[in-house]
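**Student:** I have a structure I would like to understand better, so I am pasting it below and will then ask my questions one at a time.
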Amino acid sequence: MKVRLSIRGCRIIALLALAAGILFYYRSYFFFDVYIDITRAGPGPFSVGAVLLSFGAAVALTWGLLYLGRLKRHGWTALLMLAVLAAPPVYTGAKLLANGATAPDPGFSLALHEAFTALHREAVAGGTAVTVDFRKMSGGRPWERMLIFGPYSSGEQVNKALGFQWTQEDFFTSHERDYRILFVQGDRVVGELGFDGLIRSAPSEYKPGEAVFELTNKPDPYGAGDHPTVFELSPARTGETS
């Protein structure tokens, strides 16, 4: 009798531990899902690994419930439990694929960043205004619209300006010097560039022939220590139009 009670007690403890594991599983998935929404992450080693790990956890939890609940022979019960527990990683996997299909071209974004960094150095070294022609910086990659979003822009404002749903971030830009420049072709964001400084025309939209600016490195009245200057980007006085 004592042995039977001991086995039953162990089974109850194991079921309680399994229930706690299921709660932790769903809670962890919630934070991972929020991370994907904020970062717009697509398929990658970390994200795919997390999805596969979650699916493996769903299988393990299903087996544990069936074994401890003595439901091993009920096939439909097993399928139902697995479907409920595996739904989060399957949904997340679909979201990763969708994000990957709509993500900016990483090669385009990298080329923009490298070209812009070179112009930064030129502005600092020369001490004069440097012309920034975003169409030339694109390296022949096509885009129809360039949109600039200033500090504290919300995801809702970004989606409204784009004309389609692209981001779920609450705060697309986070501080008073945080600007994001998006390059749009049709209904897809094909390139993205971050800018830490001041842009005199944000938020604004430009066609390729209009996206000509001047980059200057000026003393920052609010700067101190390691940041005595600030980069300023403003539309060129004259520029090619199309």
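Residue numbering restarts at 1 for every chain of the structure tokens, chains are lettered A, B, ... in their displayed order, and ligands are numbered from 1 as they appear.
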Please list as an mmCIF file with C-alpha atoms, in the first residue's frame every residue within 6 Å of Gly42 (chain A), counting only C-alpha atoms and excluding residues in the same chain fewer than 6 positions away.
**Tutor:**
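Result went into selection_0.cif, see below:
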data_model
loop_
_atom_site.group_PDB
_atom_site.id
_atom_site.type_symbol
_atom_site.label_atom_id
_atom_site.label_comp_id
_atom_site.auth_asym_id
_atom_site.auth_seq_id
_atom_site.Cartn_x
_atom_site.Cartn_y
_atom_site.Cartn_z
ATOM 1 C CA LEU A 96 9.639 33.964 -40.103
ATOM 2 C CA ASN A 99 9.243 38.289 -42.703
ATOM 3 C CA GLY A 100 11.992 36.871 -44.870
#
**Student:** Contacts of Val212 (chain A) at 7 Å or less, counting only C-alpha atoms, minus same-chain residues fewer than 3 places along, as a PDB file with N, CA and C atoms, in the first residue's frame?
**Tutor:**
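To be explicit, this is the file written out as result_31.pdb:
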ATOM      1  N   VAL A 132      25.157  64.100 -51.133  1.00  0.00           N
ATOM      2  CA  VAL A 132      24.670  62.730 -50.961  1.00  0.00           C
ATOM      3  C   VAL A 132      23.555  62.505 -51.976  1.00  0.00           C
ATOM      4  N   ASP A 133      23.850  61.735 -52.997  1.00  0.00           N
ATOM      5  CA  ASP A 133      22.857  61.396 -54.015  1.00  0.00           C
ATOM      6  C   ASP A 133      22.453  59.942 -53.781  1.00  0.00           C
ATOM      7  N   PHE A 134      21.279  59.751 -53.207  1.00  0.00           N
ATOM      8  CA  PHE A 134      20.871  58.404 -52.819  1.00  0.00           C
ATOM      9  C   PHE A 134      20.648  57.497 -54.023  1.00  0.00           C
ATOM     10  N   PRO A 235      18.200  68.769 -47.655  1.00  0.00           N
ATOM     11  CA  PRO A 235      18.044  68.715 -49.116  1.00  0.00           C
ATOM     12  C   PRO A 235      18.967  69.708 -49.810  1.00  0.00           C
ATOM     13  N   ALA A 236      19.571  69.275 -50.914  1.00  0.00           N
ATOM     14  CA  ALA A 236      20.439  70.165 -51.682  1.00  0.00           C
ATOM     15  C   ALA A 236      19.604  71.286 -52.291  1.00  0.00           C
ATOM     16  N   GLY A 239      19.051  70.260 -57.557  1.00  0.00           N
ATOM     17  CA  GLY A 239      19.223  68.825 -57.769  1.00  0.00           C
ATOM     18  C   GLY A 239      18.467  68.375 -58.985  1.00  0.00           C
TER      19      GLY A 239
END
**Student:** Using only C-alpha atoms, which protein or nucleic acid residues come within 8 Å of Phe108 (chain A)? Drop anything in the same chain fewer than 3 positions from it, and give the result as a list in words.
**Tutor:**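 Using only C-alpha atoms, the neighbours found are Pro104, Asp105, Ala111, Leu112, Ser138, Arg141, Val190 and Gly191 of chain A.
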**Student:** Please run DSSP on the backbone and report, as an MDAnalysis selection string, all residues within region 68-236 of chain A that come out as alpha helix (DSSP H).
**Tutor:** chainID A and resid 68 75:102 106:126 134:137 155:162
**Student:** Suppose we keep C-alpha atoms; can you now write the selection as a short mmCIF file (atom, residue, chain, number, x, y, z; two decimals), in the first residue's frame?
**Tutor:**
data_model
loop_
_atom_site.label_atom_id
_atom_site.label_comp_id
_atom_site.auth_asym_id
_atom_site.auth_seq_id
_atom_site.Cartn_x
_atom_site.Cartn_y
_atom_site.Cartn_z
CA LEU A 68 2.03 10.23 -17.14
CA GLY A 75 -4.04 8.17 -31.02
CA TRP A 76 -6.48 11.05 -31.53
CA THR A 77 -5.68 12.39 -28.08
CA ALA A 78 -1.98 12.36 -28.93
CA LEU A 79 -2.56 14.19 -32.20
CA LEU A 80 -4.76 16.80 -30.52
CA MET A 81 -2.22 17.45 -27.76
CA LEU A 82 0.62 17.68 -30.25
CA ALA A 83 -1.39 20.08 -32.42
CA VAL A 84 -2.09 22.37 -29.46
CA LEU A 85 1.49 22.35 -28.21
CA ALA A 86 3.12 22.54 -31.64
CA ALA A 87 0.89 25.37 -32.89
CA PRO A 88 3.19 28.16 -31.56
CA PRO A 89 6.39 27.03 -33.33
CA VAL A 90 4.47 26.28 -36.54
CA TYR A 91 2.91 29.75 -36.45
CA THR A 92 6.28 31.33 -35.68
CA GLY A 93 7.91 29.44 -38.55
CA ALA A 94 5.28 30.79 -40.93
CA LYS A 95 5.88 34.31 -39.58
CA LEU A 96 9.64 33.96 -40.10
CA LEU A 97 9.09 32.94 -43.72
CA ALA A 98 6.73 35.88 -44.26
CA ASN A 99 9.24 38.29 -42.70
CA GLY A 100 11.99 36.87 -44.87
CA ALA A 101 9.89 37.42 -47.99
CA THR A 102 9.26 41.08 -47.13
CA PRO A 106 20.60 42.89 -46.88
CA GLY A 107 23.07 43.50 -49.70
CA PHE A 108 21.35 46.76 -50.63
CA SER A 109 21.20 47.94 -47.01
CA LEU A 110 24.87 47.05 -46.48
CA ALA A 111 25.91 48.91 -49.64
CA LEU A 112 23.98 51.99 -48.48
CA HIS A 113 25.60 51.82 -45.06
CA GLU A 114 29.12 51.49 -46.45
CA ALA A 115 28.65 54.34 -48.95
CA PHE A 116 27.14 56.57 -46.27
CA THR A 117 29.97 55.78 -43.85
CA ALA A 118 32.50 56.84 -46.50
CA LEU A 119 30.64 60.15 -46.91
CA HIS A 120 30.73 60.60 -43.13
CA ARG A 121 34.51 60.33 -43.19
CA GLU A 122 34.73 62.74 -46.12
CA ALA A 123 32.58 65.32 -44.33
CA VAL A 124 34.75 65.09 -41.21
CA ALA A 125 38.06 65.21 -43.09
CA GLY A 126 37.11 68.02 -45.47
CA PHE A 134 20.87 58.40 -52.82
CA ARG A 135 20.13 57.22 -56.34
CA LYS A 136 23.85 56.96 -57.09
CA MET A 137 24.45 55.32 -53.72
CA GLY A 155 5.12 51.74 -36.39
CA GLU A 156 1.60 52.89 -37.18
CA GLN A 157 2.93 56.09 -38.77
CA VAL A 158 5.43 54.09 -40.81
CA ASN A 159 2.82 51.67 -42.13
CA LYS A 160 0.47 54.53 -42.99
CA ALA A 161 3.19 56.36 -44.94
CA LEU A 162 4.22 53.18 -46.74
#
**Student:** Select, from A:Tyr152, A:Phe172, A:Phe30, A:Phe231, the residue with the minimum atom-to-atom distance to Glu214 (chain A), counting only C-alpha atoms.
**Tutor:**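 Among the listed residues, A:Phe231 lies closest to Glu214 (chain A).
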